[in-house]
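Structure data (mmCIF, C-alpha atoms and all ligand atoms) from structure-v2.cif:
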```cif
data_start
loop_
_atom_site.label_atom_id
_atom_site.label_comp_id
_atom_site.auth_asym_id
_atom_site.auth_seq_id
_atom_site.Cartn_x
_atom_site.Cartn_y
_atom_site.Cartn_z
CA MET A 1 27.15 -26.90 57.21
CA THR A 2 29.02 -23.97 58.71
CA GLY A 3 30.43 -21.45 56.28
CA TYR A 4 27.21 -20.82 54.37
CA PRO A 5 25.41 -17.49 54.67
CA ASP A 6 21.84 -17.92 55.94
CA SER A 7 20.17 -17.24 52.59
CA VAL A 8 22.23 -19.98 50.93
CA LEU A 9 21.46 -22.38 53.76
CA ASN A 10 17.74 -21.68 53.34
CA LEU A 11 17.96 -22.31 49.60
CA ILE A 12 19.76 -25.61 50.20
CA GLU A 13 17.07 -26.64 52.68
CA SER A 14 14.37 -25.76 50.12
CA PHE A 15 16.02 -27.80 47.36
CA LYS A 16 16.21 -30.77 49.75
CA LYS A 17 12.42 -30.84 49.84
CA LEU A 18 12.40 -31.91 46.20
CA PRO A 19 12.29 -35.67 45.52
CA GLY A 20 15.66 -37.28 44.88
CA ILE A 21 17.61 -34.23 46.06
CA GLY A 22 19.96 -34.92 48.95
CA GLU A 23 22.50 -32.68 50.67
CA LYS A 24 25.11 -32.80 47.90
CA SER A 25 22.70 -32.19 45.02
CA ALA A 26 21.05 -29.36 46.95
CA GLU A 27 24.42 -27.70 47.48
CA ARG A 28 25.28 -28.11 43.80
CA LEU A 29 21.97 -26.55 42.76
CA ALA A 30 22.45 -23.67 45.18
CA PHE A 31 25.89 -22.95 43.74
CA ALA A 32 24.45 -23.13 40.23
CA VAL A 33 21.95 -20.43 41.20
CA ILE A 34 24.67 -18.28 42.77
CA THR A 35 27.37 -18.61 40.15
CA ASP A 36 25.93 -19.91 36.86
CA MET A 37 22.46 -18.42 36.52
CA GLU A 38 21.70 -14.91 35.27
CA LYS A 39 19.59 -12.74 37.56
CA ASP A 40 16.74 -12.76 34.99
CA ASP A 41 16.71 -16.56 34.82
CA VAL A 42 16.58 -16.82 38.60
CA GLU A 43 13.69 -14.38 38.68
CA SER A 44 11.74 -16.22 36.02
CA LEU A 45 12.40 -19.52 37.80
CA SER A 46 10.96 -18.16 41.02
CA GLU A 47 7.99 -16.72 39.09
CA ASP A 48 7.40 -20.07 37.37
CA LEU A 49 7.45 -21.88 40.69
CA LYS A 50 4.86 -19.52 42.14
CA LYS A 51 2.72 -19.57 39.02
CA VAL A 52 2.59 -23.34 38.81
CA LYS A 53 1.58 -23.58 42.44
CA ASN A 54 -1.08 -20.87 42.15
CA ASN A 55 -2.55 -21.76 38.76
CA ILE A 56 -2.61 -25.52 38.67
CA LYS A 57 -5.81 -27.12 39.84
CA HIS A 58 -7.54 -30.43 39.29
CA CYS A 59 -9.94 -31.07 36.43
CA LYS A 60 -13.52 -31.24 37.66
CA ILE A 61 -14.19 -34.32 35.53
CA CYS A 62 -11.07 -36.46 35.63
CA ASN A 63 -8.96 -34.91 38.41
CA HIS A 64 -5.92 -34.49 36.14
CA ILE A 65 -3.89 -31.30 36.56
CA THR A 66 -5.06 -28.32 34.51
CA GLU A 67 -5.11 -24.52 34.47
CA ASN A 68 -8.82 -24.50 33.65
CA GLU A 69 -11.91 -26.02 35.20
CA ILE A 70 -11.83 -28.85 32.67
CA CYS A 71 -8.59 -30.30 31.28
CA ASN A 72 -7.61 -30.50 27.60
CA ILE A 73 -8.12 -34.25 27.49
CA CYS A 74 -11.69 -34.10 28.83
CA ASN A 75 -12.39 -31.27 26.38
CA ASP A 76 -11.03 -33.16 23.39
CA LYS A 77 -14.01 -34.27 21.32
CA SER A 78 -11.87 -36.49 19.10
CA ARG A 79 -11.17 -38.85 21.99
CA ASP A 80 -13.23 -41.91 22.83
CA SER A 81 -15.38 -40.71 25.71
CA LYS A 82 -16.83 -44.16 26.39
CA THR A 83 -13.58 -45.58 27.72
CA ILE A 84 -12.09 -44.46 31.02
CA CYS A 85 -8.59 -45.43 32.07
CA VAL A 86 -8.17 -45.24 35.85
CA VAL A 87 -4.68 -44.22 36.96
CA GLU A 88 -3.14 -43.41 40.32
CA ASP A 89 -1.66 -39.96 39.63
CA PRO A 90 -1.31 -37.17 37.03
CA LYS A 91 2.17 -38.46 36.18
CA SER A 92 0.59 -41.62 34.79
CA VAL A 93 -1.63 -39.56 32.47
CA ILE A 94 1.41 -37.65 31.23
CA MET A 95 3.17 -40.94 30.58
CA PHE A 96 0.26 -42.46 28.65
CA GLU A 97 -0.02 -39.27 26.61
CA LYS A 98 3.72 -39.09 25.88
CA LEU A 99 3.70 -42.64 24.66
CA ALA A 100 0.54 -41.97 22.62
CA VAL A 101 -0.87 -45.45 23.11
CA TYR A 102 -4.36 -44.57 24.32
CA ASN A 103 -7.16 -42.41 22.94
CA GLY A 104 -9.84 -42.65 25.61
CA LYS A 105 -10.48 -40.53 28.67
CA TYR A 106 -8.93 -40.82 32.14
CA PHE A 107 -9.77 -40.76 35.77
CA VAL A 108 -6.98 -39.83 38.19
CA LEU A 109 -7.20 -41.13 41.74
CA ASP A 110 -5.92 -38.96 44.57
CA ASN A 111 -3.79 -41.76 45.97
CA LEU A 112 -3.87 -45.52 46.56
CA ILE A 113 -5.62 -47.26 49.40
CA SER A 114 -3.08 -47.94 52.13
CA PRO A 115 -4.38 -49.02 55.54
CA LEU A 116 -0.89 -48.66 57.02
CA ASP A 117 -0.84 -44.98 56.06
CA LYS A 118 -4.49 -44.62 57.11
CA ILE A 119 -5.57 -43.90 53.53
CA GLY A 120 -8.99 -45.42 52.95
CA PRO A 121 -11.25 -45.61 49.88
CA GLU A 122 -13.01 -42.40 50.94
CA ASP A 123 -9.71 -40.49 50.77
CA ILE A 124 -8.84 -41.14 47.14
CA ASN A 125 -11.77 -39.73 45.18
CA ILE A 126 -13.33 -43.06 44.14
CA GLU A 127 -16.81 -41.62 44.65
CA ASN A 128 -16.33 -39.21 41.74
CA LEU A 129 -15.24 -42.07 39.52
CA ILE A 130 -18.33 -44.10 40.37
CA ASN A 131 -20.63 -41.09 39.84
CA ARG A 132 -19.07 -40.47 36.48
CA ILE A 133 -19.57 -44.09 35.42
CA LYS A 134 -23.18 -43.96 36.53
CA ASN A 135 -23.93 -40.63 34.85
CA GLU A 136 -22.00 -40.88 31.58
CA GLU A 137 -22.33 -43.42 28.83
CA ILE A 138 -19.29 -45.55 29.59
CA ASP A 139 -18.57 -48.83 27.78
CA GLU A 140 -15.29 -49.81 29.36
CA VAL A 141 -13.23 -49.02 32.43
CA ILE A 142 -9.55 -49.94 32.25
CA LEU A 143 -7.69 -50.19 35.53
CA ALA A 144 -4.08 -49.14 34.96
CA ILE A 145 -2.77 -49.07 38.49
CA LYS A 146 0.64 -50.48 39.34
CA PRO A 147 0.55 -53.95 40.91
CA THR A 148 2.01 -53.12 44.31
CA ILE A 149 0.12 -54.11 47.48
CA GLU A 150 -1.55 -50.68 47.62
CA GLY A 151 -2.25 -50.76 43.89
CA GLU A 152 -3.81 -54.22 44.08
CA THR A 153 -5.92 -53.28 47.09
CA THR A 154 -7.17 -50.22 45.23
CA SER A 155 -7.86 -52.12 41.98
CA LEU A 156 -9.77 -54.84 43.81
CA TYR A 157 -11.82 -52.28 45.72
CA ILE A 158 -12.80 -50.43 42.55
CA LEU A 159 -13.47 -53.73 40.80
CA LYS A 160 -15.93 -54.70 43.53
CA LEU A 161 -17.82 -51.41 43.16
CA LEU A 162 -17.96 -51.80 39.37
CA GLU A 163 -19.28 -55.34 39.73
CA GLU A 164 -22.04 -53.99 41.94
CA ILE A 165 -22.93 -51.49 39.21
CA ASN A 166 -23.16 -54.36 36.71
CA ILE A 167 -25.26 -56.47 39.05
CA SER A 168 -27.77 -53.68 39.61
CA ASN A 169 -27.80 -52.78 35.90
CA LYS A 170 -30.82 -54.52 34.41
CA SER A 171 -30.07 -53.76 30.75
CA ASP A 172 -28.15 -56.13 28.49
CA LYS A 173 -25.34 -53.70 28.01
CA LYS A 174 -22.90 -54.34 30.83
CA LEU A 175 -19.88 -52.28 31.66
CA ILE A 176 -16.66 -53.94 30.52
CA VAL A 177 -13.98 -53.80 33.19
CA SER A 178 -10.41 -54.67 32.29
CA ARG A 179 -6.98 -54.39 33.79
CA ILE A 180 -3.79 -53.71 31.86
CA ALA A 181 -1.70 -56.85 31.53
CA HIS A 182 0.77 -57.46 34.27
CA GLY A 183 3.72 -58.04 32.01
CA ILE A 184 4.62 -54.83 33.75
CA PRO A 185 7.17 -55.86 36.38
CA LEU A 186 5.91 -55.80 39.92
CA GLY A 187 6.27 -52.50 41.72
CA VAL A 188 7.86 -50.68 38.80
CA ASP A 189 6.89 -47.05 38.68
CA MET A 190 4.66 -46.45 35.68
CA GLU A 191 6.97 -43.71 34.45
CA TYR A 192 9.79 -46.17 33.76
CA ILE A 193 7.77 -48.27 31.36
CA ASP A 194 8.53 -47.80 27.66
CA SER A 195 5.86 -47.24 25.05
CA LEU A 196 6.00 -50.74 23.55
CA THR A 197 5.59 -52.39 26.95
CA LEU A 198 2.67 -50.14 27.75
CA GLU A 199 1.06 -50.58 24.35
CA LEU A 200 1.28 -54.36 24.72
CA ALA A 201 -0.03 -54.17 28.27
CA LEU A 202 -2.99 -52.15 27.03
CA GLN A 203 -3.71 -54.42 24.07
CA ASP A 204 -3.34 -57.45 26.23
CA ARG A 205 -5.62 -56.10 28.93
CA LYS A 206 -7.70 -58.72 30.66
CA LYS A 207 -11.42 -58.45 31.01
CA VAL A 208 -12.15 -58.94 34.68
CA SER A 209 -15.85 -58.19 34.91
ZN ZN B 1 -10.10 -33.85 32.76
#
```

Please go through the file and, once you have read it, give me the structure as structure tokens.
Amino acid sequence: MTGYPDSVLNLIESFKKLPGIGEKSAERLAFAVITDMEKDDVESLSEDLKKVKNNIKHCKICNHITENEICNICNDKSRDSKTICVVEDPKSVIMFEKLAVYNGKYFVLDNLISPLDKIGPEDINIENLINRIKNEEIDEVILAIKPTIEGETTSLYILKLLEEINISNKSDKKLIVSRIAHGIPLGVDMEYIDSLTLELALQDRKKVS
């Protein structure tokens, strides 16, 4: 990588920290900044980057990304607040919302359980989910976590906790727990699923508890 001034080298190294950006793409992006972009655009890009990092936090209720304490979805009174869809990351919420196939509320986990990476149930915010189910009037919890090994481990763990809630619940009204249908190909990232597939997977969700 000789021949680059230091500032360009630093920029290339920064771009390489982005997902899917290797050496070549990083160099191309750096040249785009140097030769194609106006000074104003570069400044607003760097402002946007800072702003997004400083202003984005996690919704106190569902853990989705937001600029406020509570996100727009949790604040939306027109949505069905008795159904919670549990997803693994904010990207999944964005995808569900883009495809407009779901009108309930969400809960976003911090990660998936992965013993190999030393990520246990206590690391992924499950406690907040359980508290919410206990404290709010929830009819149904839909688990929409991808069926990888980590995803399955996480779904089964949550399922067990929800079953315990149902066992200790003495009233007739039990919590319905369902999982989206696994017509979704194994290991596919949720963001690559089209709206019809997801709509069918939601409609075809299986009651598991
Ligand atoms: Zn929220």

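Distances to Leu116 of chain A were evaluated for A:Val86, A:Ile12, A:Ala30, A:Ile149 using only C-alpha atoms, and the minimum falls at A:Ile149.
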
Return as a ChimeraX atom specification every polymer residue, whether protein, DNA or RNA, with at least one atom no more than 10 Å from an atom of ligand ZN 1 (chain B); count all atoms listed in the file. /A:58-66,68-76,105-108

List the neighbours of Leu161 of chain A out to 12 Å using all atoms listed in the file; skip same-chain residues closer than 2 positions along the sequence, and give me the result as a ChimeraX atom specification. /A:121,126-127,129-131,133-134,141,154-159,163-168,175,177,209

Interatomic distance, atom CA of Gln203 of chain A to atom CA of Gly151 of chain A (Å, one decimal):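 Straight-line distance from atom CA of Gln203 of chain A to atom CA of Gly151 of chain A works out to 20.2 Å.
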
Ranking A:Ala26, A:Ile21, A:Val101, A:Val87 by minimum distance to Leu9 of chain A and counting only C-alpha atoms, which one comes first? A:Ala26

Would you mind reading off the distance between atom CA of Ile176 of chain A and atom CA of Pro115 of chain A, one decimal, in Å?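 It comes out at 28.3 Å.
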
Have a look at A:Lys39, A:Tyr4, A:Arg132, A:Val208 and name the one nearest to Lys160 of chain A; count only C-alpha atoms.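 So, comparing all the options, the nearest one is A:Val208.
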
Dump N, CA and C atoms of segment 88-134 of chain A from the given block, as a compact mmCIF listing (two decimals), in the first residue's frame.
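Okay, this is what ended up in result14.txt:
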```txt
# COMPACT_ATOMS: atom_id res chain seq x y z
N GLU A 88 -34.09 -10.78 16.44
CA GLU A 88 -32.72 -10.81 16.96
C GLU A 88 -31.98 -9.48 16.86
N ASP A 89 -32.44 -8.58 15.97
CA ASP A 89 -31.72 -7.31 15.83
C ASP A 89 -32.62 -6.24 15.22
N PRO A 90 -32.21 -4.97 15.32
CA PRO A 90 -33.02 -3.88 14.76
C PRO A 90 -33.25 -4.04 13.25
N LYS A 91 -32.28 -4.66 12.57
CA LYS A 91 -32.44 -4.85 11.12
C LYS A 91 -33.69 -5.67 10.80
N SER A 92 -34.00 -6.64 11.68
CA SER A 92 -35.18 -7.47 11.46
C SER A 92 -36.46 -6.63 11.58
N VAL A 93 -36.47 -5.69 12.53
CA VAL A 93 -37.64 -4.81 12.68
C VAL A 93 -37.82 -3.99 11.40
N ILE A 94 -36.72 -3.42 10.92
CA ILE A 94 -36.77 -2.61 9.70
C ILE A 94 -37.34 -3.45 8.56
N MET A 95 -36.89 -4.71 8.48
CA MET A 95 -37.36 -5.56 7.40
C MET A 95 -38.85 -5.84 7.51
N PHE A 96 -39.32 -6.21 8.69
CA PHE A 96 -40.75 -6.45 8.90
C PHE A 96 -41.55 -5.19 8.52
N GLU A 97 -41.04 -4.04 8.93
CA GLU A 97 -41.76 -2.79 8.68
C GLU A 97 -41.77 -2.45 7.19
N LYS A 98 -40.66 -2.67 6.51
CA LYS A 98 -40.59 -2.40 5.07
C LYS A 98 -41.59 -3.27 4.32
N LEU A 99 -41.69 -4.51 4.76
CA LEU A 99 -42.56 -5.43 4.05
C LEU A 99 -44.02 -5.26 4.48
N ALA A 100 -44.23 -4.51 5.55
CA ALA A 100 -45.58 -4.19 6.03
C ALA A 100 -46.46 -5.43 6.18
N VAL A 101 -45.96 -6.43 6.86
CA VAL A 101 -46.73 -7.66 7.01
C VAL A 101 -47.18 -7.88 8.46
N TYR A 102 -46.87 -6.94 9.34
CA TYR A 102 -47.11 -7.18 10.76
C TYR A 102 -47.53 -5.89 11.43
N ASN A 103 -48.54 -5.95 12.29
CA ASN A 103 -49.02 -4.72 12.92
C ASN A 103 -48.97 -4.75 14.45
N GLY A 104 -48.20 -5.70 15.00
CA GLY A 104 -48.08 -5.74 16.45
C GLY A 104 -46.86 -4.97 16.92
N LYS A 105 -46.43 -5.27 18.13
CA LYS A 105 -45.24 -4.63 18.67
C LYS A 105 -44.05 -5.60 18.56
N TYR A 106 -42.87 -5.11 18.94
CA TYR A 106 -41.66 -5.93 18.81
C TYR A 106 -40.92 -6.02 20.13
N PHE A 107 -40.03 -6.98 20.17
CA PHE A 107 -38.97 -6.95 21.17
C PHE A 107 -37.67 -7.37 20.47
N VAL A 108 -36.65 -6.52 20.60
CA VAL A 108 -35.38 -6.77 19.91
C VAL A 108 -34.35 -7.31 20.91
N LEU A 109 -33.86 -8.50 20.66
CA LEU A 109 -32.82 -9.07 21.51
C LEU A 109 -31.49 -8.36 21.22
N ASP A 110 -30.57 -8.46 22.16
CA ASP A 110 -29.26 -7.83 21.93
C ASP A 110 -28.35 -8.70 21.08
N ASN A 111 -28.66 -9.98 21.02
CA ASN A 111 -27.81 -10.91 20.29
C ASN A 111 -28.50 -12.28 20.34
N LEU A 112 -27.81 -13.33 19.94
CA LEU A 112 -28.34 -14.68 20.09
C LEU A 112 -27.44 -15.44 21.05
N ILE A 113 -28.02 -16.39 21.75
CA ILE A 113 -27.21 -17.19 22.67
C ILE A 113 -26.19 -17.99 21.86
N SER A 114 -24.94 -17.92 22.26
CA SER A 114 -23.90 -18.64 21.54
C SER A 114 -22.79 -19.04 22.52
N PRO A 115 -22.89 -20.26 23.06
CA PRO A 115 -21.91 -20.69 24.05
C PRO A 115 -20.47 -20.59 23.54
N LEU A 116 -20.29 -20.84 22.24
CA LEU A 116 -18.93 -20.77 21.68
C LEU A 116 -18.34 -19.36 21.78
N ASP A 117 -19.22 -18.36 21.62
CA ASP A 117 -18.76 -16.97 21.72
C ASP A 117 -18.94 -16.42 23.13
N LYS A 118 -19.26 -17.34 24.06
CA LYS A 118 -19.48 -16.95 25.46
C LYS A 118 -20.62 -15.94 25.61
N ILE A 119 -21.65 -16.06 24.78
CA ILE A 119 -22.82 -15.20 24.92
C ILE A 119 -23.94 -16.04 25.54
N GLY A 120 -24.28 -15.73 26.77
CA GLY A 120 -25.30 -16.49 27.49
C GLY A 120 -26.62 -15.75 27.50
N PRO A 121 -27.67 -16.39 28.04
CA PRO A 121 -29.00 -15.77 28.08
C PRO A 121 -28.99 -14.41 28.79
N GLU A 122 -28.11 -14.28 29.80
CA GLU A 122 -28.09 -13.02 30.57
C GLU A 122 -27.49 -11.86 29.76
N ASP A 123 -26.85 -12.19 28.63
CA ASP A 123 -26.20 -11.13 27.84
C ASP A 123 -27.10 -10.54 26.76
N ILE A 124 -28.27 -11.11 26.54
CA ILE A 124 -29.03 -10.68 25.36
C ILE A 124 -30.37 -10.05 25.70
N ASN A 125 -30.53 -9.60 26.95
CA ASN A 125 -31.68 -8.76 27.27
C ASN A 125 -33.01 -9.53 27.41
N ILE A 126 -32.93 -10.84 27.63
CA ILE A 126 -34.16 -11.63 27.73
C ILE A 126 -34.98 -11.21 28.95
N GLU A 127 -34.28 -10.79 30.00
CA GLU A 127 -34.97 -10.42 31.23
C GLU A 127 -36.01 -9.32 30.98
N ASN A 128 -35.64 -8.33 30.16
CA ASN A 128 -36.58 -7.25 29.85
C ASN A 128 -37.80 -7.76 29.10
N LEU A 129 -37.57 -8.73 28.23
CA LEU A 129 -38.70 -9.32 27.50
C LEU A 129 -39.66 -9.99 28.47
N ILE A 130 -39.10 -10.78 29.38
CA ILE A 130 -39.95 -11.51 30.33
C ILE A 130 -40.71 -10.54 31.24
N ASN A 131 -40.00 -9.49 31.71
CA ASN A 131 -40.68 -8.49 32.55
C ASN A 131 -41.83 -7.84 31.81
N ARG A 132 -41.58 -7.55 30.54
CA ARG A 132 -42.63 -6.90 29.75
C ARG A 132 -43.85 -7.82 29.61
N ILE A 133 -43.60 -9.09 29.38
CA ILE A 133 -44.71 -10.04 29.22
C ILE A 133 -45.48 -10.18 30.53
N LYS A 134 -44.75 -10.12 31.63
CA LYS A 134 -45.42 -10.26 32.93
C LYS A 134 -46.21 -9.00 33.29
```
